Amino acid sequence: MNSTLTGAVAMYLNQVRAELSDLPPGELADVLEDVSGHLTEVAAEFDSEPTITALHERLGTPRQYADELRTAAGYPPRTTKPPADQNPAKKSLRWGLIAALVGPFFVMIAVFAGGSGVSAFFGFVGFVILFGAAYFGVKALRGNDPRIVLDTPQGQRGERAIRDLIEQIPPNLRKELVTIGQPVWWVLRGAVGGGGFFLLFGAGAVAVVGAIAGAIVSVWVARRTQQDHRWLWYVVPLNVVAAIAVPAFLSAAFLGAYSGVFDRDYNNSGSSNYNPPEQGLTWNGKEVSNLYPFDAQGKQTSVALYTQDGEAITLPLQDCLTENNSNNNNASPGNSNIFPHPVATYPTPPEETGTETEPPAEPVCTDNSKPPFAPPQFPNLTPTPTPTPTPPAASKPVPTPTPSGKPTAGKPGATLTVQPTR
């Protein structure tokens with residue numbers, strides 16, 4: 001078979017080959033060699049490269065052409081049905097549509113989904129479908145010129161729709177879009193793709209480097225695609241992704257919502273949607289690592305804290321033993337509900353205190369339970385003594401008159417009584 005045939009002529013020859021595939025291999029090669037020469041002569045009769053429709057009008061369908069060859073050469077009619085879907089253009093176009101529609105759909109879910117795990121899963125599925133379908137689309141060409149897909153009915157309709165859309169653009173603007181807009185688009189899609197990839201997985205520190213690298217790769221791929229149209233099976237689906245991601249990126253950056261789209265793993269401290277951590281203690285949005293109780297007289301004391309349900313309120317220990325265990329990769333630091341926790345401290349180096357004392361070779365760790373702030377004053381919390389109630393005073397005895405008129409000499413402690421006179 002003549003491998004120099006391209007476009008609709010090569011596709012027509014492949015279809016004829018499929019119709020004659022039941023012939024012996026040697027005879028099939030001879031027949032196809034003659035057919036290639038005939039198709040080359042027919043193509044030269046056209047002012048430009050013929051379309052598949054023009055070849056059908058000139059030669060008939062590939063099946064009709066193959067039947068005429070059978071009759072002229074004396075071959076028996078075909079008894080078996082040719083293998084289904086022998087049209088490389090249709091197969092290649094079908095895989096290209098899957099790469100350009102299904103792959104970007106999953107990639108967009110990864111971009112706008114919440115949670116890094118969900119983004120990673122859908123992003124992986126999307127890129128596997130995108131590049132996998134593009135690979136099979138290129139393989140389905142079987143070495144033919146990629147332009148053969150434009151000679152299929154679907155390809156012709158798509159080409160016609162795109163050309164009609166382009167015709168709506170004024171010629172001057174159309175020229176500017178090609179000369180200026182196209183390179184700008186190459187840089188934008190590469191920068192957003194390279195930088196956005198690292199931002200999706202929380203590597204914001206290298207996002208700028210990724211954007212620069214992505215822009216360089218994007219320009220290189222664009223130049224490569226102009227030389228080899230088979231790259232379109234990969235570039236077109238990526239352009240679909242970029243056509244959605246680039247406006248979203250620019251809009252988010254312009255509106256100040258950058259972190260809400262691409263940096264979902266970090267909370268904005270100025271946002272009203274701040275969620276405190278699920279474990280530990282917080283106060284006014286800040287993490288609490290220790291508590292320093294004081295009594296009513298302002299004296300530091302030690303307490304054990306519990307919730308209303310009797311559950312101990314614990315925090316990770318920070319003492320020297322815990323720090324040594326952590327440095328030696330032993331068990332994880334323990335928790336305690338006895339406050340204040342001892343905190344591991346080390347002597348201040350002389351260069352910070354201004355003294356001439358040489359620092360020890362190995363700083364000695366010391367547990368310190370004193371608060372890192374001045375002890376508070378509680379002038380209004382000193383308890384006021386409660387007055388003790390005074391018992392009522394005892395009543396004095398009232399003298400009781402006696403029947404005798406003489407006074408009775410009383411003994412010590414006796415009661416004096418008076419006899420009334422008759």
# chains A, B, ... in the order shown; residues from 1 in each chain; ligands from 1
>>> residues_around(residues="Lys139 (chain A)", least_positions_apart="2", cutoff="12 Å", atoms="only C-alpha atoms", output="PyMOL selection string")
chain A and resi 88-89+91-93+95-96+132-137+141-146+230-231+233
>>> write_last_selection(atoms="C-alpha atoms", output="compact mmCIF listing (two decimals), in the first residue's frame")
# COMPACT_ATOMS: atom_id res chain seq x y z
CA PRO A 88 -9.84 4.45 11.41
CA ALA A 89 -11.13 8.02 11.18
CA LYS A 91 -12.52 5.24 15.75
CA SER A 92 -9.91 7.94 16.20
CA LEU A 93 -12.56 10.66 16.38
CA TRP A 95 -11.54 8.28 21.23
CA GLY A 96 -10.77 11.97 20.78
CA GLY A 132 -5.62 7.01 27.81
CA ALA A 133 -8.35 7.94 25.32
CA ALA A 134 -5.95 10.30 23.51
CA TYR A 135 -3.41 7.50 23.18
CA PHE A 136 -5.97 5.09 21.72
CA GLY A 137 -7.19 7.84 19.40
CA LEU A 141 -5.17 6.50 13.04
CA ARG A 142 -2.93 3.60 11.94
CA GLY A 143 -0.33 5.99 10.63
CA ASN A 144 -2.78 8.04 8.58
CA ASP A 145 -2.81 11.80 8.50
CA PRO A 146 -4.87 13.09 11.48
CA ARG A 230 -1.38 13.88 16.26
CA TRP A 231 -0.57 15.92 19.38
CA TRP A 233 -5.54 14.37 20.64
>>> residues_around(residues="region 65-70 of chain A", least_positions_apart="4", cutoff="6 Å", atoms="only C-alpha atoms", output="list in words")
Val16, Gly74 and Tyr75 of chain A
>>> write_last_selection(atoms="all heavy atoms", output="short mmCIF file (atom, residue, chain, number, x, y, z; two decimals), in the first residue's frame")
data_model
loop_
_atom_site.label_atom_id
_atom_site.label_comp_id
_atom_site.auth_asym_id
_atom_site.auth_seq_id
_atom_site.Cartn_x
_atom_site.Cartn_y
_atom_site.Cartn_z
N VAL A 16 -11.46 0.48 1.41
CA VAL A 16 -11.42 -0.52 0.34
C VAL A 16 -10.67 -1.76 0.81
O VAL A 16 -11.07 -2.91 0.52
CB VAL A 16 -10.77 0.08 -0.93
CG1 VAL A 16 -10.56 -1.00 -1.99
CG2 VAL A 16 -11.62 1.21 -1.48
N GLY A 74 -12.24 -11.22 -11.34
CA GLY A 74 -12.78 -12.57 -11.27
C GLY A 74 -12.80 -13.17 -9.88
O GLY A 74 -12.90 -14.40 -9.72
N TYR A 75 -12.70 -12.33 -8.86
CA TYR A 75 -12.77 -12.84 -7.49
C TYR A 75 -14.23 -13.12 -7.12
O TYR A 75 -15.15 -12.42 -7.58
CB TYR A 75 -12.18 -11.84 -6.51
CG TYR A 75 -10.69 -11.63 -6.67
CD1 TYR A 75 -10.19 -10.35 -6.92
CD2 TYR A 75 -9.80 -12.68 -6.57
CE1 TYR A 75 -8.83 -10.13 -7.07
CE2 TYR A 75 -8.44 -12.47 -6.73
CZ TYR A 75 -7.96 -11.20 -6.97
OH TYR A 75 -6.62 -10.99 -7.13
#
>>> residues_around(residues="Thr225 (chain A)", least_positions_apart="6", cutoff="12 Å", atoms="only C-alpha atoms", output="MDAnalysis selection string")
chainID A and resid 146 186 218:219 231:236
>>> write_last_selection(atoms="all heavy atoms", output="JSON list (two decimals), in the first residue's frame")
[["chain", "number", "residue", "atom", "x", "y", "z"],
["A", 146, "PRO", "N", -3.77, 12.81, 10.55],
["A", 146, "PRO", "CA", -4.87, 13.09, 11.48],
["A", 146, "PRO", "C", -6.04, 13.84, 10.84],
["A", 146, "PRO", "O", -7.16, 13.80, 11.38],
["A", 146, "PRO", "CB", -4.20, 13.93, 12.57],
["A", 146, "PRO", "CG", -2.77, 13.56, 12.51],
["A", 146, "PRO", "CD", -2.48, 13.28, 11.07],
["A", 186, "TRP", "N", -1.18, 30.21, 25.24],
["A", 186, "TRP", "CA", -0.24, 29.15, 25.54],
["A", 186, "TRP", "C", 0.39, 29.36, 26.92],
["A", 186, "TRP", "O", 0.52, 28.41, 27.70],
["A", 186, "TRP", "CB", 0.85, 29.09, 24.48],
["A", 186, "TRP", "CG", 0.37, 28.70, 23.11],
["A", 186, "TRP", "CD1", -0.82, 28.12, 22.81],
["A", 186, "TRP", "CD2", 1.08, 28.87, 21.87],
["A", 186, "TRP", "NE1", -0.92, 27.93, 21.45],
["A", 186, "TRP", "CE2", 0.24, 28.38, 20.85],
["A", 186, "TRP", "CE3", 2.31, 29.41, 21.52],
["A", 186, "TRP", "CZ2", 0.61, 28.40, 19.51],
["A", 186, "TRP", "CZ3", 2.68, 29.42, 20.19],
["A", 186, "TRP", "CH2", 1.85, 28.91, 19.20],
["A", 218, "SER", "N", 4.08, 24.37, 27.98],
["A", 218, "SER", "CA", 2.91, 24.63, 27.15],
["A", 218, "SER", "C", 3.30, 25.22, 25.80],
["A", 218, "SER", "O", 2.77, 24.83, 24.75],
["A", 218, "SER", "CB", 1.96, 25.56, 27.89],
["A", 218, "SER", "OG", 0.85, 25.90, 27.08],
["A", 219, "VAL", "N", 4.23, 26.17, 25.79],
["A", 219, "VAL", "CA", 4.68, 26.77, 24.53],
["A", 219, "VAL", "C", 5.38, 25.72, 23.67],
["A", 219, "VAL", "O", 5.18, 25.66, 22.44],
["A", 219, "VAL", "CB", 5.61, 27.97, 24.80],
["A", 219, "VAL", "CG1", 6.21, 28.49, 23.51],
["A", 219, "VAL", "CG2", 4.83, 29.08, 25.51],
["A", 231, "TRP", "N", -0.58, 15.37, 18.03],
["A", 231, "TRP", "CA", -0.57, 15.92, 19.38],
["A", 231, "TRP", "C", -1.91, 16.57, 19.72],
["A", 231, "TRP", "O", -2.18, 16.82, 20.90],
["A", 231, "TRP", "CB", 0.55, 16.95, 19.51],
["A", 231, "TRP", "CG", 1.90, 16.33, 19.66],
["A", 231, "TRP", "CD1", 2.62, 15.69, 18.69],
["A", 231, "TRP", "CD2", 2.70, 16.26, 20.84],
["A", 231, "TRP", "NE1", 3.82, 15.25, 19.19],
["A", 231, "TRP", "CE2", 3.90, 15.60, 20.51],
["A", 231, "TRP", "CE3", 2.54, 16.73, 22.14],
["A", 231, "TRP", "CZ2", 4.91, 15.37, 21.43],
["A", 231, "TRP", "CZ3", 3.54, 16.51, 23.07],
["A", 231, "TRP", "CH2", 4.71, 15.82, 22.72],
["A", 232, "LEU", "N", -2.73, 16.85, 18.72],
["A", 232, "LEU", "CA", -4.03, 17.46, 18.99],
["A", 232, "LEU", "C", -4.91, 16.58, 19.87],
["A", 232, "LEU", "O", -5.75, 17.08, 20.60],
["A", 232, "LEU", "CB", -4.76, 17.76, 17.67],
["A", 232, "LEU", "CG", -4.19, 18.90, 16.83],
["A", 232, "LEU", "CD1", -4.87, 18.94, 15.47],
["A", 232, "LEU", "CD2", -4.37, 20.23, 17.56],
["A", 233, "TRP", "N", -4.72, 15.26, 19.81],
["A", 233, "TRP", "CA", -5.54, 14.37, 20.64],
["A", 233, "TRP", "C", -5.24, 14.57, 22.12],
["A", 233, "TRP", "O", -6.07, 14.26, 22.96],
["A", 233, "TRP", "CB", -5.28, 12.91, 20.23],
["A", 233, "TRP", "CG", -6.21, 12.44, 19.17],
["A", 233, "TRP", "CD1", -7.26, 11.58, 19.33],
["A", 233, "TRP", "CD2", -6.22, 12.81, 17.79],
["A", 233, "TRP", "NE1", -7.90, 11.39, 18.13],
["A", 233, "TRP", "CE2", -7.29, 12.14, 17.17],
["A", 233, "TRP", "CE3", -5.42, 13.65, 17.02],
["A", 233, "TRP", "CZ2", -7.57, 12.28, 15.82],
["A", 233, "TRP", "CZ3", -5.71, 13.78, 15.68],
["A", 233, "TRP", "CH2", -6.77, 13.11, 15.09],
["A", 234, "TYR", "N", -4.07, 15.08, 22.45],
["A", 234, "TYR", "CA", -3.73, 15.40, 23.83],
["A", 234, "TYR", "C", -3.98, 16.87, 24.14],
["A", 234, "TYR", "O", -4.43, 17.21, 25.24],
["A", 234, "TYR", "CB", -2.25, 15.07, 24.09],
["A", 234, "TYR", "CG", -1.89, 13.63, 23.87],
["A", 234, "TYR", "CD1", -1.36, 13.21, 22.65],
["A", 234, "TYR", "CD2", -2.08, 12.68, 24.87],
["A", 234, "TYR", "CE1", -1.02, 11.89, 22.44],
["A", 234, "TYR", "CE2", -1.74, 11.35, 24.66],
["A", 234, "TYR", "CZ", -1.21, 10.96, 23.44],
["A", 234, "TYR", "OH", -0.89, 9.65, 23.24],
["A", 235, "VAL", "N", -3.69, 17.75, 23.17],
["A", 235, "VAL", "CA", -3.76, 19.18, 23.44],
["A", 235, "VAL", "C", -5.20, 19.66, 23.52],
["A", 235, "VAL", "O", -5.54, 20.49, 24.38],
["A", 235, "VAL", "CB", -2.99, 19.95, 22.34],
["A", 235, "VAL", "CG1", -3.20, 21.45, 22.49],
["A", 235, "VAL", "CG2", -1.51, 19.61, 22.41],
["A", 236, "VAL", "N", -6.08, 19.16, 22.66],
["A", 236, "VAL", "CA", -7.48, 19.62, 22.67],
["A", 236, "VAL", "C", -8.15, 19.33, 24.01],
["A", 236, "VAL", "O", -8.79, 20.22, 24.58],
["A", 236, "VAL", "CB", -8.26, 19.01, 21.48],
["A", 236, "VAL", "CG1", -9.75, 19.29, 21.63],
["A", 236, "VAL", "CG2", -7.74, 19.58, 20.17]]
>>> select_by_dssp(residues="region 138-350 of chain A", states="alpha helix (DSSP H)", output="PyMOL selection string")
chain A and resi 138-140+153-167+171-176+182-200+207-227+232-255+258-261+320-327+350
>>> closest_residue(among="A:Phe373, A:Thr345, A:Phe106, A:Gly196", to="Ala248 (chain A)", atoms="only C-alpha atoms")
A:Gly196
